[in-house]
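K.L.:
Pasting in a structure now, in structure tokens, and then I'll have a few things to ask.
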Number of protein chains: 4
Amino acid sequence: MSARDAILVEDIQHSPAQSLHDRLSASRRLSTELARPLSDEDQVVQANDDASPTKWHLAHTTWFFEAFVLKPFLEGYRLFDERFEYCFNSYYESVGARQPRGKRGLLTRPRADEVRAYREHVDAALERLCERGLEPWAAELIELGINHEQQHQELLLTDVLSLFASEPLKPAYARANPGVAVAEVAPMDWVSFDGGILPVGHAGDGFAYDNEGPRHDQLVRPFKLANRCATNSEWLAFIQDGGYSTPKLWLADGWATVTAQGWTAPLYWEEADGGFMQMSLQGFRPLDPAAPVSHVSYYEADAFARFAGYRLPSEFEWEVAAGGLPLKGHTLGAGHLRPLRADAGAGLKQIYGDVWEWTGSAYLPYPGFKAAPGAVGEYNGKFMCNQFVLRGGSCATPEGHIRKTYRNFFYPYQRWQFMGLRLASDA
Amino acid sequence: MSARDAILVEDIQHSPAQSLHDRLSASRRLSTELARPLSDEDQVVQANDDASPTKWHLAHTTWFFEAFVLKPFLEGYRLFDERFEYCFNSYYESVGARQPRGKRGLLTRPRADEVRAYREHVDAALERLCERGLEPWAAELIELGINHEQQHQELLLTDVLSLFASEPLKPAYARANPGVAVAEVAPMDWVSFDGGILPVGHAGDGFAYDNEGPRHDQLVRPFKLANRCATNSEWLAFIQDGGYSTPKLWLADGWATVTAQGWTAPLYWEEADGGFMQMSLQGFRPLDPAAPVSHVSYYEADAFARFAGYRLPSEFEWEVAAGGLPLKGHTLGAGHLRPLRADAGAGLKQIYGDVWEWTGSAYLPYPGFKAAPGAVGEYNGKFMCNQFVLRGGSCATPEGHIRKTYRNFFYPYQRWQFMGLRLASDA
Amino acid sequence: MSARDAILVEDIQHSPAQSLHDRLSASRRLSTELARPLSDEDQVVQANDDASPTKWHLAHTTWFFEAFVLKPFLEGYRLFDERFEYCFNSYYESVGARQPRGKRGLLTRPRADEVRAYREHVDAALERLCERGLEPWAAELIELGINHEQQHQELLLTDVLSLFASEPLKPAYARANPGVAVAEVAPMDWVSFDGGILPVGHAGDGFAYDNEGPRHDQLVRPFKLANRCATNSEWLAFIQDGGYSTPKLWLADGWATVTAQGWTAPLYWEEADGGFMQMSLQGFRPLDPAAPVSHVSYYEADAFARFAGYRLPSEFEWEVAAGGLPLKGHTLGAGHLRPLRADAGAGLKQIYGDVWEWTGSAYLPYPGFKAAPGAVGEYNGKFMCNQFVLRGGSCATPEGHIRKTYRNFFYPYQRWQFMGLRLASDA
Amino acid sequence: MSARDAILVEDIQHSPAQSLHDRLSASRRLSTELARPLSDEDQVVQANDDASPTKWHLAHTTWFFEAFVLKPFLEGYRLFDERFEYCFNSYYESVGARQPRGKRGLLTRPRADEVRAYREHVDAALERLCERGLEPWAAELIELGINHEQQHQELLLTDVLSLFASEPLKPAYARANPGVAVAEVAPMDWVSFDGGILPVGHAGDGFAYDNEGPRHDQLVRPFKLANRCATNSEWLAFIQDGGYSTPKLWLADGWATVTAQGWTAPLYWEEADGGFMQMSLQGFRPLDPAAPVSHVSYYEADAFARFAGYRLPSEFEWEVAAGGLPLKGHTLGAGHLRPLRADAGAGLKQIYGDVWEWTGSAYLPYPGFKAAPGAVGEYNGKFMCNQFVLRGGSCATPEGHIRKTYRNFFYPYQRWQFMGLRLASDA
């Protein structure tokens, strides 16, 4: 995406005042925009078992609206192609059989232009549905569909990065934005917080996923948070100090992963001429030492924190600290497509955007959690095992998608998302 | 172990009044007793990658005393054989290289009689050390060594069960105790608990592992616990209702495991003549419908709870409920070697012994947790990821080993321990 | 490929009188024609680890001419892109590092249009080289390059079939040729041959691969060959008689493969409504019972022969039988893209074309075999282990590629080629 | 086995004049003798998936007599334990289900003493059967049973070596025989042979396996054979010249194996102080440079021959060369348990004994081969795929087991047998 593309993206970001209909259109358009720099070939290939092809993301998000909104709510809706349910269902066991996850990259058919036609067909039908006026339950499902598509927009970008990093020609998805300053970053500082019995979780105002509630009290002890994310140069110190070859810094499962995978640096780092290069959405570039470290697993984040003498925050500490901070940051709308250096000045930086921040909290249900009824209930609850919570969104998170209470979750060995960390400590 | 053997085992269980020295001797003797019904052949084979051979347990627990107690504290101590460190270190990265975990079953040498001589050599040295009088740090390490050996006593039994269940001749480790009554079990009932800000974790009085502390407050909501563990007949209803073929009951990782492993019942269950038989330490026997279900994974326990309309308790709810209950139950000293039916009468049953109870709590550090310094610090902390907490001990847990604050932990797919569950619910 | 396309293909088949230059041009054009029915998306995906993407075939055959002909022989030749060597080298260890075999499907870059430009660049250079007049060694390498490309033309088609068979929409590569008769096929008959000390292998006249020589004598015993290939209906009898569940019919490795893979029929067969459908280059169609069975492994061919009471021929028996038969048959130029029924009439049928015929001969060097010097010596010799010889070409073999002495070879478990069999017996 | 043991072994070797009955007794006794230096623990463990436990060998060879001789021919024979069929059947599909190959090491039961009692029970029954007089078919099956047991005697030793080599304490199975001279070995020399149409295969006189026939003519070209096997010092030159890191020396499958397994030397070699040590049945010892190289795979043998500028002989060349040589050599009866240096003097050395010699012949049926009817027909024929023929026996082959026409066979990647090579060349 060029600097000019970035502006286009910004244009189609929603403003809070936008209607659901407008936000739906903008979100649908954004997916199409994100795919535009890619050839049909780029869009069909699956980089690895965790990733999906761009075309699949474009079609799956469309199928989601077809299956959960149009079929139940738009009378007389004609399926674009009934075989697409098999092709583009992701994991909804209640809905039926589907293309195996690791074989999404075999779907050269339907072709990219057919998927584009599928999108138009569904968009037109959604248009008709919105014009007829929406029942509340339909409106809620459209809201869910928008948020679902936003998640896939982020995945689309991280999956493209994974694909391009696997290619010997190391192509760039977008041109680098020349306007980014390269000033030094100040040393890390600490911000302190009182503890208490504090409410966390979504309060019921505006959209949230079911896993963000019920809102409930947590007992939080006094704690301190780093004012910014850990940086590449701090990570270099970890490497140079033998971090990747010192078992006592690591969780046992982490150490087993390090040795089995031969990890010696974050994903996408490559040694060259004594320094490090990094594959990015802007191609293969020198590492920016002051930018937040990204593409590290939970295992690495945890080992780094132990090395530094600190720990990861809990997800509740993070949420308490995010408190009343404005929902601003280098998210997708900022158009940089990579994590940027922290601004100077007081207070917490980089809470939203740049990189998702690993927390030390296992991804588990909140007290009283009940999954939504029906197929959409498979959205979050069934993953509440073996994963850790990340907070705050990244440079690839669409505008309007992130919230203070938002709980992202990944397995502790995964690192292809824009994942970093912020240190924490008892007060 | 015959009924007569069971009495012997009871004889060597400790009483609280026993000195450290006496408890050490009793514990060391218990390991030897547990191995007695086994031939040298039975003792050398490794049933699977999670299990270890009996001989390895006998030697490893001995090496633990040699490495952590005798070498640092007994002046002039002569190593029995310096090559044993490589053979019998389990996972202490700080101590050095070791026999790979999956290849412990290749150690036909040292022979069983050499390992018995090793035990005697170390026991004699421990005797001398105790007679000279113990520094506090040495006493603490002996206490840790006793508790460490108790853990391996339980593993020894569950690993033998795993081995014998893999053998076509399905041998029995012990004769069944004929004295066990077979009365009906009353329907499950509920016991209610108030919530509050409640202290949990070890208070510092008597031995506990580092992972049981620091003692700290938890916010616990009002809850109900089943008065007893879920039974085999309740599990049969789950099976008959299609529990193992209904994806919506399962966590996504659980469902993937069920399909990959082809699970259709707990481990060691086998269909025969319309009913189920179960492999046990007393051989291949008809399933007791009223006994607690055992050898189920976290995935299964969680799916069963969802099927039943309830949930698993948190580890803190369990600990609060265990409150002031006496530390009594069908543990190893009871000599039954299998989970027994719940007694009639009011109140919580089976809190201690019978089966370890899966909780819904991920195994994570308590606030302020610090691993012990040195190699023994590798004991618990490095496993605080990807596992779930189990509470309460089992029919294979040595007398005196279990506590209210005791946190056992296993991966959610593991089921070769005596693992069951107790249902919980919000009040 | 429509019927019309088939005619085009025929047009560009070589006649023996054609010059090397003309044959080179025709062969290069054929690859482009074969790719024409495919979208760029179809061309980039790798169906499985044995297969390669169409684009990769197009580029690799081009790289072969660049590396082995243009670089050494065309003075002043400018590499199209020096990075392509890494991308499109297949397995020539002498030439250098290369994209791993299983990851050829990640190469979305270079794009399909860049690969087409690459082909044009190399074609133009080959044109210049031919016009300048060719040294004998260069002419030999061009001849090898043509034959090499022909092999990849066949692979291109079988790899597309594998890809399309993996897709839920089961697309057709070409329309079925309506002109194919559907008469009954006569029962199998036998043709007898005398044995003797008989010469086999390539005589040195015209192109042949190094593995077809040296020409040498073989002692051949009197034998009989089936007059045609085994048919689908004969295979159905094998299936219905429990062929796939009768271990004593199978080689031990074959039986292990059958059980591990769950084979119950040839590749691409699918049961439907009591009969079988078959995925083909013309899409998903009813099985033609009288057509030669295709897409069977050596293991299956061997078990079928044992079931039938016969055996597979040796490669020398096949070659002796092929004797002076005209080099005619349903190869690629016939435009059918699938094996056809045998003609009526006396004598051996289907010797050339339709399906490659498994022989019982391990792929080993002929007496006195020496691999060619240099990188092209890696072409054949290094595969002389663990594979079996197939003879006669298939419906996907380009015109002019097959010979009486031609030795194709595949692993005994492979079946994605057009592979069938002809029964043999001692006289 | 000590030097004294070796004498005992020699005592029980058969002489040609011995009766079937005497040879049966001697062979049964030899198995027991071979197990004598091993503890029960040593006998129960399975070193790897290719190997079997000693106890399993002892029981399986006994089961073979019970299933194929006693059950059909000894009226009133009482099975020792009917469950043993499941435990100790190896791969006879016709006979029924059996313990999976990779899980033979889980059979701690039946115990070693029960297996010894099983042997005695079967031996006594065989005694009775022989005394009653044998039908020809029974005599043939006893002959097969003796030869079958001899094969397992060799496997027993190579499997023990594999086990002991896996153990950190590297135990010795036997003491080294001190009487072995350590003179220098003369450089390799060549022996030439005329070709012709020559008969090969077993002629029908005395016992042979079905795979050694039918006797038939082979066309053999004039050839030369090395007068002795390739030595460790010649192999060291291969290593030092970069043999293990030069892909062009290797078959493609061989190179893939070398890189996947990280091979840099024969099995059981270990670098130490600039030289090599070798694990052997006499423990961990310095490599004897003049002894035949052993424990190399077909891949390595083939690469070594290419490196040396020669090739492996065909199995027919070997058989022709072995011609009328006396059936003498360092086989098991010689009591050395390791390959020895070649004697000085003219002519072919080491044809029998020391190491099995890899040939370049795929293991395939001879013309007209028919497997024996019934279960014993599963003995050889079903393995005629993917393996290569070895000839001549080894230092672990029991006296009287090897023949000129004997065809041993292993997969080209296997190397835990005493496997070496002899170079060949066209004349």
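Within each chain, counting starts at residue 1; across the structure tokens, chains are named A, B, ... in the order shown, with ligands numbered 1 upward in that order.
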Just want the 10 Å neighbourhood of Ala138 (chain D), counted on only C-alpha atoms, with same-chain residues fewer than 3 positions away dropped. Output as number ranges by chain.

P.N.:
D: 68-70, 72-74, 129-130, 133-135, 141-144

K.L.:
Per DSSP on the backbone, what are the strand (DSSP E) residues of region 36-264 of chain B, as a JSON list (two decimals) with C-alpha atoms, in the first residue's frame?

P.N.:
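Below you can see selection07.json, which holds the result:
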[["chain", "number", "residue", "atom", "x", "y", "z"],
["B", 190, "TRP", "CA", -25.21, -29.53, 46.12],
["B", 191, "VAL", "CA", -23.38, -27.68, 48.88],
["B", 192, "SER", "CA", -23.48, -23.87, 48.81],
["B", 193, "PHE", "CA", -20.74, -21.44, 49.74],
["B", 196, "GLY", "CA", -16.02, -12.88, 49.60],
["B", 197, "ILE", "CA", -12.48, -11.68, 49.64],
["B", 198, "LEU", "CA", -10.89, -14.85, 50.90],
["B", 199, "PRO", "CA", -7.34, -15.88, 51.60],
["B", 200, "VAL", "CA", -5.94, -18.78, 49.57],
["B", 216, "HIS", "CA", -3.05, -14.01, 49.03],
["B", 217, "ASP", "CA", -6.63, -12.83, 48.77],
["B", 218, "GLN", "CA", -8.97, -13.93, 46.04],
["B", 219, "LEU", "CA", -12.34, -12.48, 45.21],
["B", 220, "VAL", "CA", -14.67, -15.49, 45.17],
["B", 223, "PHE", "CA", -20.97, -20.83, 44.38],
["B", 224, "LYS", "CA", -22.22, -24.38, 44.77],
["B", 225, "LEU", "CA", -20.21, -27.58, 44.62],
["B", 226, "ALA", "CA", -21.43, -31.10, 44.01]]

K.L.:
Running DSSP on the backbone, which parts of region 86-234 of chain C land in helix (DSSP H, G or I), as an MDAnalysis selection string?

P.N.:
chainID C and resid 86:88 101:106 112:132 136:166 210:212 232:234

K.L.:
Excluding Tyr411 (chain B) and any residue of its chain fewer than 3 positions from it, enumerate the residues within 12 Å of it, using only C-alpha atoms, and give them as number ranges by chain.

P.N.:
A: 253, 385-386; B: 50, 253-254, 296-299, 358, 361-363, 383-390, 408, 414-417, 419

K.L.:
Produce a file of the selected residues containing N, CA and C atoms, as an mmCIF file, in the first residue's frame.

P.N.:
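Saved result, part.cif, follows:
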data_model
loop_
_atom_site.group_PDB
_atom_site.id
_atom_site.type_symbol
_atom_site.label_atom_id
_atom_site.label_comp_id
_atom_site.auth_asym_id
_atom_site.auth_seq_id
_atom_site.Cartn_x
_atom_site.Cartn_y
_atom_site.Cartn_z
ATOM 1 N N ASP A 253 7.796 -25.467 28.206
ATOM 2 C CA ASP A 253 7.233 -25.602 26.854
ATOM 3 C C ASP A 253 7.874 -24.608 25.893
ATOM 4 N N CYS A 385 -9.003 -22.170 25.983
ATOM 5 C CA CYS A 385 -8.117 -23.218 26.486
ATOM 6 C C CYS A 385 -6.796 -23.108 25.743
ATOM 7 N N ASN A 386 -5.704 -23.133 26.454
ATOM 8 C CA ASN A 386 -4.366 -23.216 25.845
ATOM 9 C C ASN A 386 -3.903 -21.941 25.161
ATOM 10 N N ASP B 50 4.955 -40.233 28.326
ATOM 11 C CA ASP B 50 4.629 -39.514 29.554
ATOM 12 C C ASP B 50 5.053 -40.291 30.797
ATOM 13 N N ASP B 253 -9.969 -27.338 20.928
ATOM 14 C CA ASP B 253 -8.798 -28.219 21.062
ATOM 15 C C ASP B 253 -9.209 -29.599 21.558
ATOM 16 N N GLY B 254 -10.239 -29.631 22.383
ATOM 17 C CA GLY B 254 -10.737 -30.912 22.871
ATOM 18 C C GLY B 254 -11.338 -31.732 21.744
ATOM 19 N N VAL B 296 -10.045 -39.370 32.972
ATOM 20 C CA VAL B 296 -10.597 -38.475 31.951
ATOM 21 C C VAL B 296 -9.709 -37.240 31.876
ATOM 22 N N SER B 297 -9.597 -36.706 30.672
ATOM 23 C CA SER B 297 -8.809 -35.498 30.434
ATOM 24 C C SER B 297 -9.599 -34.254 30.854
ATOM 25 N N TYR B 298 -8.910 -33.136 30.894
ATOM 26 C CA TYR B 298 -9.613 -31.859 31.116
ATOM 27 C C TYR B 298 -10.646 -31.641 30.037
ATOM 28 N N TYR B 299 -10.287 -31.958 28.793
ATOM 29 C CA TYR B 299 -11.240 -31.748 27.694
ATOM 30 C C TYR B 299 -12.535 -32.501 27.955
ATOM 31 N N TRP B 358 -10.215 -32.154 38.340
ATOM 32 C CA TRP B 358 -9.873 -31.074 37.419
ATOM 33 C C TRP B 358 -10.591 -29.789 37.841
ATOM 34 N N SER B 361 -9.175 -23.834 36.382
ATOM 35 C CA SER B 361 -8.117 -22.826 36.523
ATOM 36 C C SER B 361 -6.858 -23.239 35.775
ATOM 37 N N ALA B 362 -6.404 -22.356 34.904
ATOM 38 C CA ALA B 362 -5.109 -22.558 34.271
ATOM 39 C C ALA B 362 -4.025 -22.518 35.345
ATOM 40 N N TYR B 363 -3.000 -23.319 35.158
ATOM 41 C CA TYR B 363 -1.898 -23.357 36.129
ATOM 42 C C TYR B 363 -0.981 -22.171 35.872
ATOM 43 N N PHE B 383 6.706 -24.852 34.609
ATOM 44 C CA PHE B 383 5.586 -25.541 33.966
ATOM 45 C C PHE B 383 4.306 -24.710 33.943
ATOM 46 N N MET B 384 4.421 -23.433 34.324
ATOM 47 C CA MET B 384 3.217 -22.610 34.478
ATOM 48 C C MET B 384 2.706 -22.080 33.147
ATOM 49 N N CYS B 385 2.287 -22.986 32.289
ATOM 50 C CA CYS B 385 1.815 -22.637 30.956
ATOM 51 C C CYS B 385 1.166 -23.869 30.349
ATOM 52 N N ASN B 386 0.007 -23.724 29.787
ATOM 53 C CA ASN B 386 -0.653 -24.796 29.019
ATOM 54 C C ASN B 386 -1.194 -25.941 29.865
ATOM 55 N N GLN B 387 -1.173 -25.811 31.175
ATOM 56 C CA GLN B 387 -1.666 -26.893 32.006
ATOM 57 C C GLN B 387 -2.827 -26.388 32.878
ATOM 58 N N PHE B 388 -3.566 -27.329 33.444
ATOM 59 C CA PHE B 388 -4.669 -26.960 34.326
ATOM 60 C C PHE B 388 -4.438 -27.559 35.706
ATOM 61 N N VAL B 389 -5.017 -26.911 36.705
ATOM 62 C CA VAL B 389 -4.807 -27.312 38.098
ATOM 63 C C VAL B 389 -5.799 -28.409 38.479
ATOM 64 N N LEU B 390 -5.289 -29.400 39.171
ATOM 65 C CA LEU B 390 -6.139 -30.430 39.776
ATOM 66 C C LEU B 390 -5.929 -30.388 41.283
ATOM 67 N N ASN B 408 -1.822 -29.622 41.907
ATOM 68 C CA ASN B 408 -1.284 -30.538 40.919
ATOM 69 C C ASN B 408 -1.610 -29.961 39.537
ATOM 70 N N GLN B 414 -4.086 -34.943 28.934
ATOM 71 C CA GLN B 414 -3.541 -36.110 29.646
ATOM 72 C C GLN B 414 -4.616 -36.780 30.492
ATOM 73 N N ARG B 415 -4.503 -38.117 30.585
ATOM 74 C CA ARG B 415 -5.538 -38.802 31.356
ATOM 75 C C ARG B 415 -5.061 -40.092 32.000
ATOM 76 N N TRP B 416 -3.728 -40.233 32.082
ATOM 77 C CA TRP B 416 -3.294 -41.507 32.653
ATOM 78 C C TRP B 416 -3.195 -41.465 34.181
ATOM 79 N N GLN B 417 -3.363 -40.292 34.778
ATOM 80 C CA GLN B 417 -3.450 -40.219 36.232
ATOM 81 C C GLN B 417 -4.866 -40.582 36.693
ATOM 82 N N MET B 419 -7.673 -39.186 37.432
ATOM 83 C CA MET B 419 -8.220 -37.845 37.247
ATOM 84 C C MET B 419 -9.721 -37.924 37.017
#

K.L.:
Counting only C-alpha atoms, what is within 8 Å of Glu149 (chain C), bar same-chain residues fewer than 4 positions away, as a VMD selection string?

P.N.:
chain C and resid 27 to 28 31 61 145 153

K.L.:
Keeping N, CA, C and O atoms for every residue in the selection just given, could you write it to a file as a PDB file, in the first residue's frame?

P.N.:
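Everything below was put into out_6.pdb:
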ATOM      1  N   SER C  27       7.637 -27.426 -29.241  1.00  0.00           N
ATOM      2  CA  SER C  27       7.547 -27.915 -27.867  1.00  0.00           C
ATOM      3  C   SER C  27       7.351 -26.751 -26.899  1.00  0.00           C
ATOM      4  O   SER C  27       6.542 -26.828 -25.971  1.00  0.00           O
ATOM      5  N   ARG C  28       8.083 -25.671 -27.146  1.00  0.00           N
ATOM      6  CA  ARG C  28       7.927 -24.506 -26.271  1.00  0.00           C
ATOM      7  C   ARG C  28       6.502 -23.972 -26.366  1.00  0.00           C
ATOM      8  O   ARG C  28       5.904 -23.590 -25.362  1.00  0.00           O
ATOM      9  N   SER C  31       3.778 -26.090 -24.315  1.00  0.00           N
ATOM     10  CA  SER C  31       3.657 -25.791 -22.882  1.00  0.00           C
ATOM     11  C   SER C  31       2.721 -24.611 -22.663  1.00  0.00           C
ATOM     12  O   SER C  31       1.857 -24.621 -21.777  1.00  0.00           O
ATOM     13  N   THR C  61      11.225 -25.376 -16.902  1.00  0.00           N
ATOM     14  CA  THR C  61      11.668 -25.865 -18.205  1.00  0.00           C
ATOM     15  C   THR C  61      12.425 -24.761 -18.950  1.00  0.00           C
ATOM     16  O   THR C  61      13.347 -25.041 -19.723  1.00  0.00           O
ATOM     17  N   GLY C 145      16.724 -30.719 -23.594  1.00  0.00           N
ATOM     18  CA  GLY C 145      15.797 -29.704 -23.078  1.00  0.00           C
ATOM     19  C   GLY C 145      14.384 -29.905 -23.612  1.00  0.00           C
ATOM     20  O   GLY C 145      13.406 -29.715 -22.882  1.00  0.00           O
ATOM     21  N   GLN C 153       5.470 -31.389 -19.470  1.00  0.00           N
ATOM     22  CA  GLN C 153       4.130 -31.203 -20.029  1.00  0.00           C
ATOM     23  C   GLN C 153       3.183 -32.276 -19.494  1.00  0.00           C
ATOM     24  O   GLN C 153       2.042 -31.992 -19.119  1.00  0.00           O
TER      25      GLN C 153
END

K.L.:
How far is it from CA of His60 (chain D) to CA of Glu270 (chain B), in Å with one decimal?

P.N.:
27.7 Å

K.L.:
Residues at most 9 Å from His121 (chain C), counting only C-alpha atoms, excluding those fewer than 5 positions away in the same chain, as an MDAnalysis selection string?

P.N.:
chainID C and resid 80 116 126

K.L.:
Please identify all polymer residues within 8 Å of Gln150 (chain B), counting only C-alpha atoms, omitting same-chain residues fewer than 2 positions from it, and present them as number ranges by chain.

P.N.:
B: 27, 146-148, 152-154, 397-398, 401

K.L.:
Could the residues in this selection be written to a file with N, CA and C atoms, as a PDB file, in the first residue's frame?

P.N.:
ATOM      1  N   SER B  27       9.312 -43.009  53.940  1.00  0.00           N
ATOM      2  CA  SER B  27       9.040 -42.693  52.545  1.00  0.00           C
ATOM      3  C   SER B  27       9.956 -43.490  51.626  1.00  0.00           C
ATOM      4  N   ILE B 146      11.486 -35.741  50.260  1.00  0.00           N
ATOM      5  CA  ILE B 146      10.414 -36.666  50.647  1.00  0.00           C
ATOM      6  C   ILE B 146       9.178 -36.403  49.793  1.00  0.00           C
ATOM      7  N   ASN B 147       8.816 -35.145  49.691  1.00  0.00           N
ATOM      8  CA  ASN B 147       7.626 -34.799  48.909  1.00  0.00           C
ATOM      9  C   ASN B 147       7.823 -35.133  47.429  1.00  0.00           C
ATOM     10  N   HIS B 148       9.018 -34.922  46.947  1.00  0.00           N
ATOM     11  CA  HIS B 148       9.352 -35.276  45.570  1.00  0.00           C
ATOM     12  C   HIS B 148       9.185 -36.782  45.365  1.00  0.00           C
ATOM     13  N   HIS B 152       6.590 -39.199  42.967  1.00  0.00           N
ATOM     14  CA  HIS B 152       7.007 -40.292  42.089  1.00  0.00           C
ATOM     15  C   HIS B 152       6.379 -41.608  42.510  1.00  0.00           C
ATOM     16  N   GLN B 153       6.022 -41.745  43.768  1.00  0.00           N
ATOM     17  CA  GLN B 153       5.315 -42.970  44.174  1.00  0.00           C
ATOM     18  C   GLN B 153       3.964 -43.041  43.470  1.00  0.00           C
ATOM     19  N   GLU B 154       3.299 -41.911  43.393  1.00  0.00           N
ATOM     20  CA  GLU B 154       2.022 -41.902  42.680  1.00  0.00           C
ATOM     21  C   GLU B 154       2.240 -42.167  41.191  1.00  0.00           C
ATOM     22  N   THR B 397      -2.186 -41.342  45.945  1.00  0.00           N
ATOM     23  CA  THR B 397      -1.383 -40.295  46.578  1.00  0.00           C
ATOM     24  C   THR B 397      -0.954 -40.758  47.963  1.00  0.00           C
ATOM     25  N   PRO B 398       0.352 -40.743  48.220  1.00  0.00           N
ATOM     26  CA  PRO B 398       0.794 -41.221  49.532  1.00  0.00           C
ATOM     27  C   PRO B 398       0.225 -40.382  50.677  1.00  0.00           C
ATOM     28  N   HIS B 401       0.891 -36.527  51.834  1.00  0.00           N
ATOM     29  CA  HIS B 401       1.414 -35.743  50.728  1.00  0.00           C
ATOM     30  C   HIS B 401       0.450 -34.631  50.314  1.00  0.00           C
TER      31      HIS B 401
END

K.L.:
Kindly indicate which residue among A:Trp356, A:Phe284, A:Tyr366, A:Phe65 lies nearest to Ala396 (chain A), using only C-alpha atoms for the distances.

P.N.:
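Using only C-alpha atoms, Ala396 (chain A) sits closest to A:Trp356.
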
K.L.:
Report as a list in words all protein, DNA and RNA residues lying within 12 Å of Glu120 (chain A), evaluated on only C-alpha atoms, omitting residues in the same chain fewer than 5 positions from it.

P.N.:
Ser25, Arg28, Arg29, Thr32, Leu58, Ala59, Thr62, Trp63, Glu66, Phe80, Asp113, Glu114, Val115, Ala125, Leu126 and Glu127 of chain A

K.L.:
Would you compute the distance between CA of His295 (chain B) and CA of Ser94 (chain A)? Give it in Å to one decimal.

P.N.:
28.8 Å

K.L.:
Just to confirm, what's the straight-line distance from CA of Leu34 (chain B) to CA of Ala139 (chain B) in Å (one decimal)?

P.N.:
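So the answer is 25.1 Å.
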